[in-house]
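Peer 1: Input protein19.txt, format and content: compact mmCIF, C-alpha atoms.
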```txt
# COMPACT_ATOMS: atom_id res chain seq x y z
CA MET A 1008 -68.96 -30.98 145.95
CA LYS A 1009 -69.47 -27.25 145.86
CA VAL A 1010 -69.15 -25.01 142.80
CA LEU A 1011 -68.03 -21.56 143.92
CA GLN A 1012 -69.61 -18.48 142.43
CA GLU A 1013 -66.41 -16.46 142.12
CA ASN A 1014 -63.53 -17.22 139.77
CA GLY A 1015 -60.81 -14.97 141.23
CA LEU A 1016 -57.86 -17.02 142.51
CA ALA A 1017 -56.23 -14.50 144.86
CA PRO A 1018 -57.82 -16.08 147.99
CA TYR A 1019 -56.79 -19.59 146.93
CA HIS A 1020 -53.04 -19.22 146.56
CA THR A 1021 -50.70 -17.62 149.04
CA PHE A 1022 -48.95 -15.35 146.53
CA GLY A 1023 -52.26 -13.50 146.19
CA ILE A 1024 -51.70 -12.68 142.51
CA ASN A 1025 -54.83 -11.27 140.88
CA VAL A 1026 -55.60 -14.00 138.33
CA SER A 1027 -58.72 -16.00 137.57
CA ALA A 1028 -59.91 -19.46 136.55
CA LYS A 1029 -62.87 -20.60 134.49
CA SER A 1030 -64.31 -22.42 137.52
CA ILE A 1031 -63.43 -23.16 141.15
CA ILE A 1032 -64.92 -26.26 142.79
CA GLU A 1033 -64.50 -27.73 146.27
CA ALA A 1034 -64.17 -31.54 146.47
CA SER A 1035 -64.80 -33.22 149.84
CA SER A 1036 -64.39 -36.87 148.78
CA ALA A 1037 -62.87 -39.12 146.14
CA GLU A 1038 -66.36 -39.38 144.66
CA ASP A 1039 -66.47 -35.59 144.24
CA PHE A 1040 -63.25 -35.67 142.26
CA LEU A 1041 -64.61 -38.39 139.98
CA THR A 1042 -67.85 -36.47 139.45
CA ILE A 1043 -65.92 -33.36 138.39
CA TRP A 1044 -63.65 -35.26 136.01
CA GLN A 1045 -66.61 -37.07 134.41
CA ASP A 1046 -69.00 -34.11 134.23
CA ASP A 1047 -69.67 -33.06 130.63
CA MET A 1048 -69.35 -29.42 131.67
CA TYR A 1049 -65.74 -29.88 132.83
CA LYS A 1050 -64.59 -33.03 131.06
CA ASP A 1051 -62.62 -31.29 128.32
CA SER A 1052 -61.20 -28.51 130.50
CA PRO A 1053 -57.74 -28.64 132.10
CA LYS A 1054 -57.92 -29.21 135.84
CA LEU A 1055 -55.61 -28.42 138.72
CA VAL A 1056 -55.97 -29.80 142.23
CA VAL A 1057 -55.06 -27.20 144.86
CA GLY A 1058 -54.79 -27.47 148.63
CA GLN A 1059 -53.93 -24.05 149.98
CA GLY A 1060 -51.96 -22.95 146.93
CA SER A 1061 -48.89 -22.39 149.11
CA ASN A 1062 -46.38 -23.53 146.49
CA LEU A 1063 -47.94 -22.05 143.36
CA LEU A 1064 -47.37 -19.09 141.08
CA PHE A 1065 -50.16 -18.56 138.56
CA CYS A 1066 -48.30 -16.95 135.67
CA GLU A 1067 -51.51 -15.99 133.86
CA ASP A 1068 -55.26 -16.62 134.01
CA TYR A 1069 -55.97 -20.35 134.25
CA GLN A 1070 -58.23 -21.52 131.43
CA GLY A 1071 -59.61 -24.48 133.32
CA VAL A 1072 -61.04 -25.78 136.59
CA ILE A 1073 -59.37 -25.32 139.96
CA VAL A 1074 -60.42 -28.18 142.24
CA LEU A 1075 -59.87 -27.47 145.92
CA ASN A 1076 -59.02 -30.59 147.96
CA ARG A 1077 -61.22 -30.41 151.05
CA ILE A 1078 -61.10 -34.08 152.14
CA LYS A 1079 -60.97 -33.98 155.94
CA GLY A 1080 -60.43 -36.39 158.81
CA ILE A 1081 -57.72 -37.62 161.17
CA ALA A 1082 -57.72 -41.17 162.55
CA PHE A 1083 -55.05 -43.03 164.48
CA THR A 1084 -54.22 -46.44 165.89
CA GLU A 1085 -51.48 -47.39 168.33
CA THR A 1086 -49.30 -50.45 168.73
CA GLU A 1087 -46.54 -51.11 171.21
CA ASN A 1088 -43.95 -49.41 169.01
CA TYR A 1089 -45.81 -47.03 166.70
CA VAL A 1090 -48.60 -44.53 166.25
CA ASP A 1091 -50.19 -44.85 162.80
CA LEU A 1092 -52.17 -41.88 161.50
CA HIS A 1093 -54.51 -41.67 158.51
CA VAL A 1094 -55.09 -38.06 157.47
CA GLY A 1095 -57.36 -36.57 154.80
CA GLY A 1096 -55.58 -34.75 151.99
CA GLY A 1097 -57.48 -31.52 152.64
CA GLU A 1098 -56.40 -31.15 156.27
CA ASP A 1099 -54.32 -28.07 157.09
CA TRP A 1100 -50.71 -29.24 157.53
CA HIS A 1101 -49.68 -27.03 160.45
CA LYS A 1102 -52.92 -27.63 162.34
CA PHE A 1103 -52.34 -31.36 161.91
CA VAL A 1104 -48.77 -31.08 163.24
CA ALA A 1105 -50.05 -29.05 166.22
CA TRP A 1106 -52.69 -31.73 166.84
CA THR A 1107 -50.02 -34.46 167.00
CA ILE A 1108 -48.03 -32.46 169.55
CA GLU A 1109 -51.13 -31.85 171.67
CA ASN A 1110 -51.82 -35.59 171.67
CA GLY A 1111 -48.27 -36.58 172.55
CA PHE A 1112 -47.42 -38.05 169.14
CA ASN A 1113 -43.81 -37.04 168.46
CA GLY A 1114 -41.98 -36.90 165.16
CA LEU A 1115 -43.49 -34.06 163.10
CA GLU A 1116 -42.43 -31.14 165.30
CA ASN A 1117 -39.60 -30.04 162.98
CA LEU A 1118 -42.16 -29.58 160.19
CA ALA A 1119 -44.28 -27.06 162.08
CA LEU A 1120 -45.72 -23.96 160.39
CA ILE A 1121 -45.09 -25.14 156.84
CA PRO A 1122 -48.05 -23.77 154.85
CA GLY A 1123 -50.20 -26.09 152.79
CA CYS A 1124 -52.42 -29.14 153.09
CA VAL A 1125 -51.53 -32.69 154.07
CA GLY A 1126 -52.21 -33.93 150.54
CA SER A 1127 -49.55 -31.62 149.14
CA SER A 1128 -46.83 -32.71 151.55
CA PRO A 1129 -45.72 -35.90 149.74
CA ILE A 1130 -45.65 -34.19 146.34
CA GLN A 1131 -42.85 -31.86 147.43
CA ASN A 1132 -41.46 -34.22 150.07
CA ILE A 1133 -41.58 -31.16 152.31
CA GLY A 1134 -38.81 -30.84 154.84
CA ALA A 1135 -37.27 -28.59 157.45
CA TYR A 1136 -34.62 -28.76 160.14
CA GLY A 1137 -33.36 -32.21 159.25
CA VAL A 1138 -36.72 -33.96 158.79
CA GLU A 1139 -38.56 -34.73 155.54
CA ILE A 1140 -41.90 -36.37 154.79
CA LYS A 1141 -40.05 -39.47 153.58
CA ASP A 1142 -38.89 -40.01 157.17
CA VAL A 1143 -42.41 -40.29 158.57
CA CYS A 1144 -44.65 -41.26 155.63
CA HIS A 1145 -46.05 -44.80 155.76
CA TYR A 1146 -48.27 -44.68 152.66
CA VAL A 1147 -50.17 -42.38 150.31
CA ASP A 1148 -53.70 -43.09 149.10
CA VAL A 1149 -54.21 -41.99 145.50
CA LEU A 1150 -57.26 -41.81 143.26
CA ASN A 1151 -56.69 -42.84 139.65
CA ILE A 1152 -59.12 -40.60 137.80
CA ASN A 1153 -58.99 -42.86 134.73
CA THR A 1154 -60.09 -46.02 136.55
CA GLY A 1155 -61.93 -44.50 139.52
CA MET A 1156 -59.91 -46.70 141.87
CA VAL A 1157 -58.25 -45.56 145.10
CA THR A 1158 -55.03 -47.47 145.77
CA ARG A 1159 -52.49 -47.34 148.58
CA LEU A 1160 -48.92 -46.56 147.60
CA PRO A 1161 -46.33 -47.60 150.21
CA ALA A 1162 -43.76 -44.91 151.00
CA VAL A 1163 -41.00 -46.96 149.42
CA GLU A 1164 -42.81 -46.66 146.07
CA CYS A 1165 -43.24 -42.89 146.29
CA ARG A 1166 -39.69 -42.28 145.03
CA PHE A 1167 -39.07 -39.50 147.50
CA GLY A 1168 -36.12 -37.24 146.69
CA TYR A 1169 -35.10 -33.71 147.54
CA ARG A 1170 -38.35 -31.76 147.04
CA ASP A 1171 -39.38 -34.51 144.66
CA SER A 1172 -41.54 -37.61 144.40
CA ILE A 1173 -43.33 -39.86 141.94
CA PHE A 1174 -46.28 -37.45 142.20
CA LYS A 1175 -44.29 -34.92 140.17
CA HIS A 1176 -43.63 -37.48 137.45
CA GLU A 1177 -45.59 -40.62 136.44
CA LEU A 1178 -48.55 -39.90 138.73
CA LYS A 1179 -48.63 -36.18 138.11
CA ASN A 1180 -51.58 -35.80 135.75
CA ASP A 1181 -54.01 -38.61 136.53
CA HIS A 1182 -53.63 -39.39 140.24
CA ILE A 1183 -54.99 -37.34 143.14
CA ILE A 1184 -53.81 -37.72 146.74
CA THR A 1185 -56.84 -38.36 148.93
CA ALA A 1186 -55.07 -39.26 152.18
CA VAL A 1187 -51.62 -39.75 153.69
CA GLY A 1188 -50.58 -42.32 156.28
CA PHE A 1189 -47.90 -41.48 158.82
CA ARG A 1190 -46.03 -43.87 161.10
CA LEU A 1191 -44.46 -42.26 164.16
CA THR A 1192 -42.16 -44.33 166.33
CA LYS A 1193 -42.66 -44.30 170.09
CA ALA A 1194 -38.87 -44.62 170.43
CA TRP A 1195 -38.66 -40.94 169.54
CA GLN A 1196 -35.27 -39.39 168.87
CA PRO A 1197 -35.22 -35.58 168.60
CA GLN A 1198 -33.70 -34.10 165.45
CA ILE A 1199 -31.87 -30.98 166.64
CA SER A 1200 -28.74 -30.81 164.51
CA TYR A 1201 -29.89 -27.85 162.38
CA GLY A 1202 -29.46 -24.18 163.25
CA PRO A 1203 -30.77 -22.87 166.57
CA LEU A 1204 -32.21 -26.29 167.47
CA ALA A 1205 -28.63 -27.40 168.22
CA ASN A 1206 -28.86 -25.35 171.43
CA PHE A 1207 -31.20 -27.95 172.89
CA SER A 1208 -29.99 -30.97 174.85
CA LEU A 1209 -30.72 -34.39 173.36
CA ASP A 1210 -31.31 -35.70 176.87
CA THR A 1211 -33.92 -33.20 177.99
CA VAL A 1212 -35.59 -31.56 174.98
CA THR A 1213 -39.27 -32.25 174.36
CA ALA A 1214 -41.16 -32.35 171.07
CA LYS A 1215 -43.24 -29.38 172.26
CA GLU A 1216 -40.08 -27.32 172.82
CA ILE A 1217 -38.85 -28.13 169.31
CA PHE A 1218 -42.29 -27.33 167.88
CA ASP A 1219 -42.39 -23.96 169.65
CA GLU A 1220 -38.84 -23.08 168.62
CA VAL A 1221 -39.47 -23.97 164.96
CA CYS A 1222 -42.63 -21.84 164.98
CA SER A 1223 -40.71 -18.96 166.56
CA ILE A 1224 -37.87 -19.18 164.01
CA ARG A 1225 -40.23 -19.37 161.05
CA ARG A 1226 -42.35 -16.46 162.27
CA GLU A 1227 -39.23 -14.34 162.78
CA LYS A 1228 -37.63 -15.12 159.43
CA LEU A 1229 -40.53 -15.75 157.09
CA PRO A 1230 -43.39 -13.42 156.16
CA ASP A 1231 -46.90 -14.51 157.05
CA PRO A 1232 -48.62 -15.20 153.69
CA THR A 1233 -51.90 -13.87 155.11
CA VAL A 1234 -50.16 -10.49 155.52
CA ILE A 1235 -47.57 -10.46 152.71
CA GLY A 1236 -48.21 -12.66 149.70
CA ASN A 1237 -45.53 -15.29 149.13
CA ALA A 1238 -45.03 -18.99 148.43
CA GLY A 1239 -42.33 -19.69 151.01
CA SER A 1240 -38.92 -20.79 149.77
CA PHE A 1241 -38.91 -19.86 146.10
CA PHE A 1242 -35.74 -21.72 145.08
CA LYS A 1243 -34.37 -25.18 145.81
CA ASN A 1244 -31.02 -25.49 147.54
CA PRO A 1245 -28.71 -26.38 144.62
CA ILE A 1246 -26.80 -29.65 144.62
CA ILE A 1247 -23.28 -29.48 143.19
CA SER A 1248 -20.21 -31.72 143.04
CA LEU A 1249 -17.70 -31.73 145.88
CA ASN A 1250 -15.05 -30.50 143.45
CA ALA A 1251 -17.19 -27.51 142.51
CA ARG A 1252 -17.83 -26.83 146.20
CA ASP A 1253 -14.11 -26.90 146.98
CA GLU A 1254 -13.43 -24.39 144.22
CA LEU A 1255 -16.08 -22.07 145.65
CA LEU A 1256 -14.79 -22.53 149.21
CA ALA A 1257 -11.37 -21.34 148.10
CA GLU A 1258 -12.97 -18.00 147.24
CA TYR A 1259 -15.80 -18.00 149.79
CA PRO A 1260 -14.51 -19.86 152.89
CA ASN A 1261 -17.65 -19.06 154.92
CA MET A 1262 -20.01 -20.61 152.38
CA PRO A 1263 -22.25 -23.19 154.09
CA SER A 1264 -22.65 -26.61 152.49
CA TYR A 1265 -24.20 -29.92 153.49
CA SER A 1266 -23.17 -33.37 152.37
CA VAL A 1267 -25.61 -35.27 150.16
CA ASP A 1268 -23.55 -38.30 149.18
CA ALA A 1269 -19.94 -39.26 148.48
CA LYS A 1270 -19.75 -36.99 145.44
CA HIS A 1271 -22.26 -34.18 145.98
CA CYS A 1272 -23.26 -31.54 148.47
CA LYS A 1273 -26.10 -29.07 148.91
CA LEU A 1274 -25.59 -25.31 149.06
CA ALA A 1275 -27.86 -22.83 150.83
CA ALA A 1276 -29.71 -20.93 148.10
CA GLY A 1277 -30.65 -18.20 150.56
CA TRP A 1278 -26.98 -17.60 151.41
CA LEU A 1279 -26.04 -17.36 147.74
CA ILE A 1280 -28.80 -14.83 147.07
CA ASP A 1281 -27.91 -12.85 150.18
CA GLN A 1282 -24.25 -12.67 149.15
CA CYS A 1283 -25.37 -11.12 145.88
CA GLY A 1284 -26.86 -8.24 147.86
CA LEU A 1285 -30.36 -8.95 146.63
CA LYS A 1286 -32.32 -8.73 149.89
CA GLY A 1287 -34.93 -6.03 149.44
CA HIS A 1288 -34.48 -5.88 145.67
CA GLN A 1289 -37.81 -5.04 144.04
CA ILE A 1290 -39.34 -5.18 140.58
CA GLY A 1291 -42.83 -3.71 140.36
CA GLY A 1292 -44.85 -5.12 143.24
CA ALA A 1293 -42.54 -8.12 143.73
CA LYS A 1294 -39.77 -7.90 146.33
CA ILE A 1295 -37.14 -10.18 147.84
CA HIS A 1296 -37.87 -10.39 151.54
CA GLN A 1297 -35.61 -8.22 153.68
CA GLN A 1298 -35.05 -10.95 156.31
CA GLN A 1299 -35.02 -14.05 154.11
CA ALA A 1300 -33.46 -13.87 150.67
CA LEU A 1301 -35.04 -17.17 149.65
CA VAL A 1302 -38.54 -15.69 149.73
CA LEU A 1303 -40.06 -13.59 146.95
CA THR A 1304 -43.05 -11.55 148.09
CA ASN A 1305 -46.03 -9.66 146.73
CA VAL A 1306 -45.80 -6.32 148.49
CA GLY A 1307 -48.13 -4.22 146.39
CA ASN A 1308 -50.45 -5.67 143.77
CA ALA A 1309 -47.61 -7.56 142.10
CA THR A 1310 -48.31 -9.09 138.73
CA ALA A 1311 -47.10 -12.53 137.81
CA HIS A 1312 -44.73 -10.85 135.36
CA ASP A 1313 -43.18 -8.84 138.22
CA VAL A 1314 -42.45 -12.08 140.11
CA LEU A 1315 -41.09 -13.80 137.01
CA GLN A 1316 -38.77 -10.89 136.25
CA LEU A 1317 -37.53 -10.84 139.84
CA ALA A 1318 -36.96 -14.59 139.82
CA GLN A 1319 -34.94 -14.33 136.61
CA CYS A 1320 -32.88 -11.52 138.13
CA VAL A 1321 -32.01 -13.80 141.06
CA VAL A 1322 -31.09 -16.71 138.80
CA ASP A 1323 -28.90 -14.55 136.55
CA THR A 1324 -27.16 -12.77 139.42
CA VAL A 1325 -26.32 -15.96 141.33
CA MET A 1326 -25.04 -17.60 138.15
CA ALA A 1327 -22.84 -14.61 137.35
CA LYS A 1328 -21.31 -14.49 140.84
CA PHE A 1329 -21.03 -18.17 141.78
CA GLY A 1330 -21.53 -20.13 138.57
CA VAL A 1331 -24.37 -22.00 140.31
CA SER A 1332 -27.74 -22.58 138.66
CA LEU A 1333 -30.83 -22.06 140.83
CA GLU A 1334 -34.04 -23.97 140.15
CA HIS A 1335 -37.37 -22.72 141.42
CA GLU A 1336 -39.14 -24.85 144.02
CA VAL A 1337 -42.45 -23.06 143.46
CA ARG A 1338 -44.67 -24.60 140.78
CA PHE A 1339 -45.46 -22.30 137.85
CA MET A 1340 -48.88 -22.62 136.19
CA ALA A 1341 -49.60 -21.26 132.72
CA GLN A 1342 -53.03 -21.03 131.05
CA ASN A 1343 -53.64 -24.77 130.94
CA ALA A 1344 -50.55 -26.61 132.18
CA GLU A 1345 -47.53 -26.42 134.44
CA THR A 1346 -44.61 -24.46 133.07
CA ASN A 1347 -41.25 -23.07 134.20
CA LEU A 1348 -39.30 -19.83 134.33
CA ASN A 1349 -37.50 -20.36 131.03
CA GLU A 1350 -40.71 -21.05 129.12
CA MET A 1351 -42.53 -18.07 130.61
CA LEU A 1352 -39.77 -15.59 129.76
CA GLN A 1353 -38.93 -16.80 126.26
```
What is this structure when it is put down as structure tokens?

Peer 2:
Amino acid sequence: MKVLQENGLAPYHTFGINVSAKSIIEASSAEDFLTIWQDDMYKDSPKLVVGQGSNLLFCEDYQGVIVLNRIKGIAFTETENYVDLHVGGGEDWHKFVAWTIENGFNGLENLALIPGCVGSSPIQNIGAYGVEIKDVCHYVDVLNINTGMVTRLPAVECRFGYRDSIFKHELKNDHIITAVGFRLTKAWQPQISYGPLANFSLDTVTAKEIFDEVCSIRREKLPDPTVIGNAGSFFKNPIISLNARDELLAEYPNMPSYSVDAKHCKLAAGWLIDQCGLKGHQIGGAKIHQQQALVLTNVGNATAHDVLQLAQCVVDTVMAKFGVSLEHEVRFMAQNAETNLNEMLQ
């Protein structure tokens, strides 16, 4: 456990908003987390566990303790049919994916270059190019800060949904992800049905080729958060009824949509925003990225209020044009608890 001397949060979340916390502490083990939660100095303060802060918007100064998950370690075992990996929650996600490719363990290549730590990946059920964490997760180890016990939650009990999981609900406030287990099948089948990946051949493509292509696509379309502050995709792709989709298709025949189930489909939020002509739109230091309408960026000392105002502009404009409600994927943090766009702009 290491208590940092500074309290500025700009280096610890990828939006780079100039906000502060009462304290910032690094935790390198489950025991460190317990010590922090039981310490008289911090016991009564709100606490937020952060990996790389890649999916966070601090809406104002945080009046509590930011605990940085720095639990490291990658271990693996092999059977005839599977590779099982046990990965510390504080490991860098992209570096872990690159490590699997280097070691010939296929299955995570579509999830390359997603910012964040391994411990954050099940919370959001991160996904890209036809693959989600739910497809490869075997278990999640969680620390119950009330009992001090670490238990193993099988993937089937994680209630994975679209950018959702049990870690956003029942286990949100008193469980901390210490490690994630992945099971990768040796009977690997490439997932290349999305976008430019469809140019590959199922018979000849390698995981390394998919990995490299995904990295290339993401670097071309998405701003590097170390250069331009952002939290990746700001909005979820909205899910609507097939009837509502058909009504929209009558007016917008080129609108992309993807089937979810027998009654619902998913729309591309980025397409909706782009069709509203909002690429490059700016409020204060917050700007919609010129190449990717789904990304809101900090281009010049943006305040949290700048980002909130820009987000509301997007929501209102898309609703007015398409009658579709957008929900932010990025987590909003107020002074002592998670919040949302409506609450912050009341």

Peer 1: List every protein, DNA or RNA residue that has an atom no more than 10 Å from (-47.8, -18.0, 131.1) in the file's coordinate frame, counting all atoms listed in the file, and report them as a list in words.

Peer 2: Phe1065, Cys1066, Glu1067, Asp1068, Tyr1069, Ala1311, His1312, Leu1315, Phe1339, Met1340, Ala1341, Gln1342, Asn1343, Ala1344, Glu1345, Thr1346, Asn1347, Leu1348, Glu1350, Met1351 and Leu1352 of chain A

Peer 1: When you look at Ser1127 in chain A with a cut-off of 12 Å (counting only C-alpha atoms), what residues show up, excluding the ones that are within fewer than 5 positions of it in the same chain? I need them as a PyMOL selection string.

Peer 2: chain A and resi 1056-1063+1075-1077+1094-1100+1121-1122+1132-1133+1140+1147+1149+1170-1172+1174-1175+1179+1183-1187+1338

Peer 1: So, with all atoms listed in the file as the atoms that count, which of A:Val1072, A:Ala1257, A:Ala1238, A:Leu1064 lies closest to Ser1030 in chain A?

Peer 2: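 Counting all atoms listed in the file, the residue closest to Ser1030 in chain A is A:Val1072.
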
Peer 1: Using only C-alpha atoms, find the one residue out of A:Thr1304, A:Phe1329, A:Gln1299, A:Gln1198 that sits nearest to Leu1256 in chain A.

Peer 2: A:Phe1329

Peer 1: What does the distance between CA of Tyr1089 in chain A and CA of Ala1105 in chain A come to in Å, to one decimal place?

Peer 2: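 Going from CA of Tyr1089 in chain A over to CA of Ala1105 in chain A covers 18.5 Å.
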
Peer 1: Residues near Lys1286 in chain A, anyone? I mean within 8 Å using all atoms listed in the file, not counting same-chain ones fewer than 2 positions away, as a compact mmCIF listing (two decimals) with C-alpha atoms, keeping the file's coordinate frame.

Peer 2:
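Written out: out_5.txt:
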```txt
# COMPACT_ATOMS: atom_id res chain seq x y z
CA ILE A 1280 -28.80 -14.83 147.07
CA ASP A 1281 -27.91 -12.85 150.18
CA GLY A 1284 -26.86 -8.24 147.86
CA HIS A 1288 -34.48 -5.88 145.67
CA ILE A 1295 -37.14 -10.18 147.84
CA HIS A 1296 -37.87 -10.39 151.54
CA GLN A 1297 -35.61 -8.22 153.68
CA GLN A 1298 -35.05 -10.95 156.31
CA GLN A 1299 -35.02 -14.05 154.11
CA ALA A 1300 -33.46 -13.87 150.67
```

Peer 1: In Å, with one decimal, what is the gap from CA of Thr1154 in chain A to CA of Ile1081 in chain A?

Peer 2: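 About the pair CA of Thr1154 in chain A and CA of Ile1081 in chain A: they are 26.1 Å apart.
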
Peer 1: Taking (-62.8, -14.9, 140.4) as a centre in this file's frame and 9 Å as the limit, can you find every polymer residue with an atom that close, using all atoms listed in the file, and give them as a compact mmCIF listing (two decimals) with C-alpha atoms, in the coordinates of the input?

Peer 2:
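Now in part.txt:
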```
# COMPACT_ATOMS: atom_id res chain seq x y z
CA GLN A 1012 -69.61 -18.48 142.43
CA GLU A 1013 -66.41 -16.46 142.12
CA ASN A 1014 -63.53 -17.22 139.77
CA GLY A 1015 -60.81 -14.97 141.23
CA LEU A 1016 -57.86 -17.02 142.51
CA ALA A 1017 -56.23 -14.50 144.86
CA ASN A 1025 -54.83 -11.27 140.88
CA VAL A 1026 -55.60 -14.00 138.33
CA SER A 1027 -58.72 -16.00 137.57
CA ALA A 1028 -59.91 -19.46 136.55
CA LYS A 1029 -62.87 -20.60 134.49
CA SER A 1030 -64.31 -22.42 137.52
CA ILE A 1031 -63.43 -23.16 141.15
```

Peer 1: Working from the structure I just supplied, which lacks atoms in range 1177-1199 of chain A, can you model N, CA and C atoms there and output them as a PDB file, in the coordinates of the input?

Peer 2:
```
ATOM      1  N   GLU A1177     -44.617 -39.711 137.046  1.00  0.00           N
ATOM      2  CA  GLU A1177     -45.590 -40.620 136.440  1.00  0.00           C
ATOM      3  C   GLU A1177     -47.027 -40.395 136.918  1.00  0.00           C
ATOM      4  N   LEU A1178     -47.197 -40.033 138.180  1.00  0.00           N
ATOM      5  CA  LEU A1178     -48.550 -39.900 138.730  1.00  0.00           C
ATOM      6  C   LEU A1178     -49.050 -38.459 138.750  1.00  0.00           C
ATOM      7  N   LYS A1179     -48.358 -37.607 138.022  1.00  0.00           N
ATOM      8  CA  LYS A1179     -48.630 -36.180 138.110  1.00  0.00           C
ATOM      9  C   LYS A1179     -50.006 -35.786 137.577  1.00  0.00           C
ATOM     10  N   ASN A1180     -50.415 -36.331 136.440  1.00  0.00           N
ATOM     11  CA  ASN A1180     -51.580 -35.800 135.750  1.00  0.00           C
ATOM     12  C   ASN A1180     -52.876 -36.578 135.966  1.00  0.00           C
ATOM     13  N   ASP A1181     -52.775 -37.815 136.427  1.00  0.00           N
ATOM     14  CA  ASP A1181     -54.010 -38.610 136.530  1.00  0.00           C
ATOM     15  C   ASP A1181     -54.204 -39.286 137.875  1.00  0.00           C
ATOM     16  N   HIS A1182     -53.447 -38.865 138.889  1.00  0.00           N
ATOM     17  CA  HIS A1182     -53.630 -39.390 140.240  1.00  0.00           C
ATOM     18  C   HIS A1182     -53.777 -38.226 141.222  1.00  0.00           C
ATOM     19  N   ILE A1183     -54.710 -38.366 142.151  1.00  0.00           N
ATOM     20  CA  ILE A1183     -54.990 -37.340 143.140  1.00  0.00           C
ATOM     21  C   ILE A1183     -54.795 -37.934 144.528  1.00  0.00           C
ATOM     22  N   ILE A1184     -54.059 -37.241 145.371  1.00  0.00           N
ATOM     23  CA  ILE A1184     -53.810 -37.720 146.740  1.00  0.00           C
ATOM     24  C   ILE A1184     -55.037 -37.434 147.588  1.00  0.00           C
ATOM     25  N   THR A1185     -55.645 -38.509 148.090  1.00  0.00           N
ATOM     26  CA  THR A1185     -56.840 -38.360 148.930  1.00  0.00           C
ATOM     27  C   THR A1185     -56.517 -38.426 150.410  1.00  0.00           C
ATOM     28  N   ALA A1186     -55.443 -39.136 150.769  1.00  0.00           N
ATOM     29  CA  ALA A1186     -55.070 -39.260 152.180  1.00  0.00           C
ATOM     30  C   ALA A1186     -53.600 -39.650 152.276  1.00  0.00           C
ATOM     31  N   VAL A1187     -53.014 -39.383 153.439  1.00  0.00           N
ATOM     32  CA  VAL A1187     -51.620 -39.750 153.690  1.00  0.00           C
ATOM     33  C   VAL A1187     -51.567 -40.493 155.029  1.00  0.00           C
ATOM     34  N   GLY A1188     -50.795 -41.571 155.050  1.00  0.00           N
ATOM     35  CA  GLY A1188     -50.580 -42.320 156.280  1.00  0.00           C
ATOM     36  C   GLY A1188     -49.210 -42.016 156.850  1.00  0.00           C
ATOM     37  N   PHE A1189     -49.165 -41.764 158.145  1.00  0.00           N
ATOM     38  CA  PHE A1189     -47.900 -41.480 158.820  1.00  0.00           C
ATOM     39  C   PHE A1189     -47.655 -42.535 159.893  1.00  0.00           C
ATOM     40  N   ARG A1190     -46.417 -42.945 160.034  1.00  0.00           N
ATOM     41  CA  ARG A1190     -46.030 -43.870 161.100  1.00  0.00           C
ATOM     42  C   ARG A1190     -44.978 -43.191 161.966  1.00  0.00           C
ATOM     43  N   LEU A1191     -45.346 -42.923 163.210  1.00  0.00           N
ATOM     44  CA  LEU A1191     -44.460 -42.260 164.160  1.00  0.00           C
ATOM     45  C   LEU A1191     -43.997 -43.262 165.206  1.00  0.00           C
ATOM     46  N   THR A1192     -42.694 -43.380 165.364  1.00  0.00           N
ATOM     47  CA  THR A1192     -42.160 -44.330 166.330  1.00  0.00           C
ATOM     48  C   THR A1192     -42.303 -43.791 167.754  1.00  0.00           C
ATOM     49  N   LYS A1193     -42.593 -44.693 168.684  1.00  0.00           N
ATOM     50  CA  LYS A1193     -42.660 -44.300 170.090  1.00  0.00           C
ATOM     51  C   LYS A1193     -41.260 -44.199 170.699  1.00  0.00           C
ATOM     52  N   ALA A1194     -40.265 -44.771 170.008  1.00  0.00           N
ATOM     53  CA  ALA A1194     -38.870 -44.620 170.430  1.00  0.00           C
ATOM     54  C   ALA A1194     -38.328 -43.342 169.794  1.00  0.00           C
ATOM     55  N   TRP A1195     -38.942 -42.229 170.161  1.00  0.00           N
ATOM     56  CA  TRP A1195     -38.660 -40.940 169.540  1.00  0.00           C
ATOM     57  C   TRP A1195     -37.247 -40.464 169.803  1.00  0.00           C
ATOM     58  N   GLN A1196     -36.590 -40.003 168.747  1.00  0.00           N
ATOM     59  CA  GLN A1196     -35.270 -39.390 168.870  1.00  0.00           C
ATOM     60  C   GLN A1196     -35.354 -37.970 168.298  1.00  0.00           C
ATOM     61  N   PRO A1197     -35.118 -36.956 169.109  1.00  0.00           N
ATOM     62  CA  PRO A1197     -35.220 -35.580 168.600  1.00  0.00           C
ATOM     63  C   PRO A1197     -34.185 -35.292 167.532  1.00  0.00           C
ATOM     64  N   GLN A1198     -34.601 -34.531 166.520  1.00  0.00           N
ATOM     65  CA  GLN A1198     -33.700 -34.100 165.450  1.00  0.00           C
ATOM     66  C   GLN A1198     -33.377 -32.620 165.688  1.00  0.00           C
ATOM     67  N   ILE A1199     -32.195 -32.360 166.242  1.00  0.00           N
ATOM     68  CA  ILE A1199     -31.870 -30.980 166.640  1.00  0.00           C
ATOM     69  C   ILE A1199     -30.486 -30.558 166.135  1.00  0.00           C
TER      70      ILE A1199
END
```
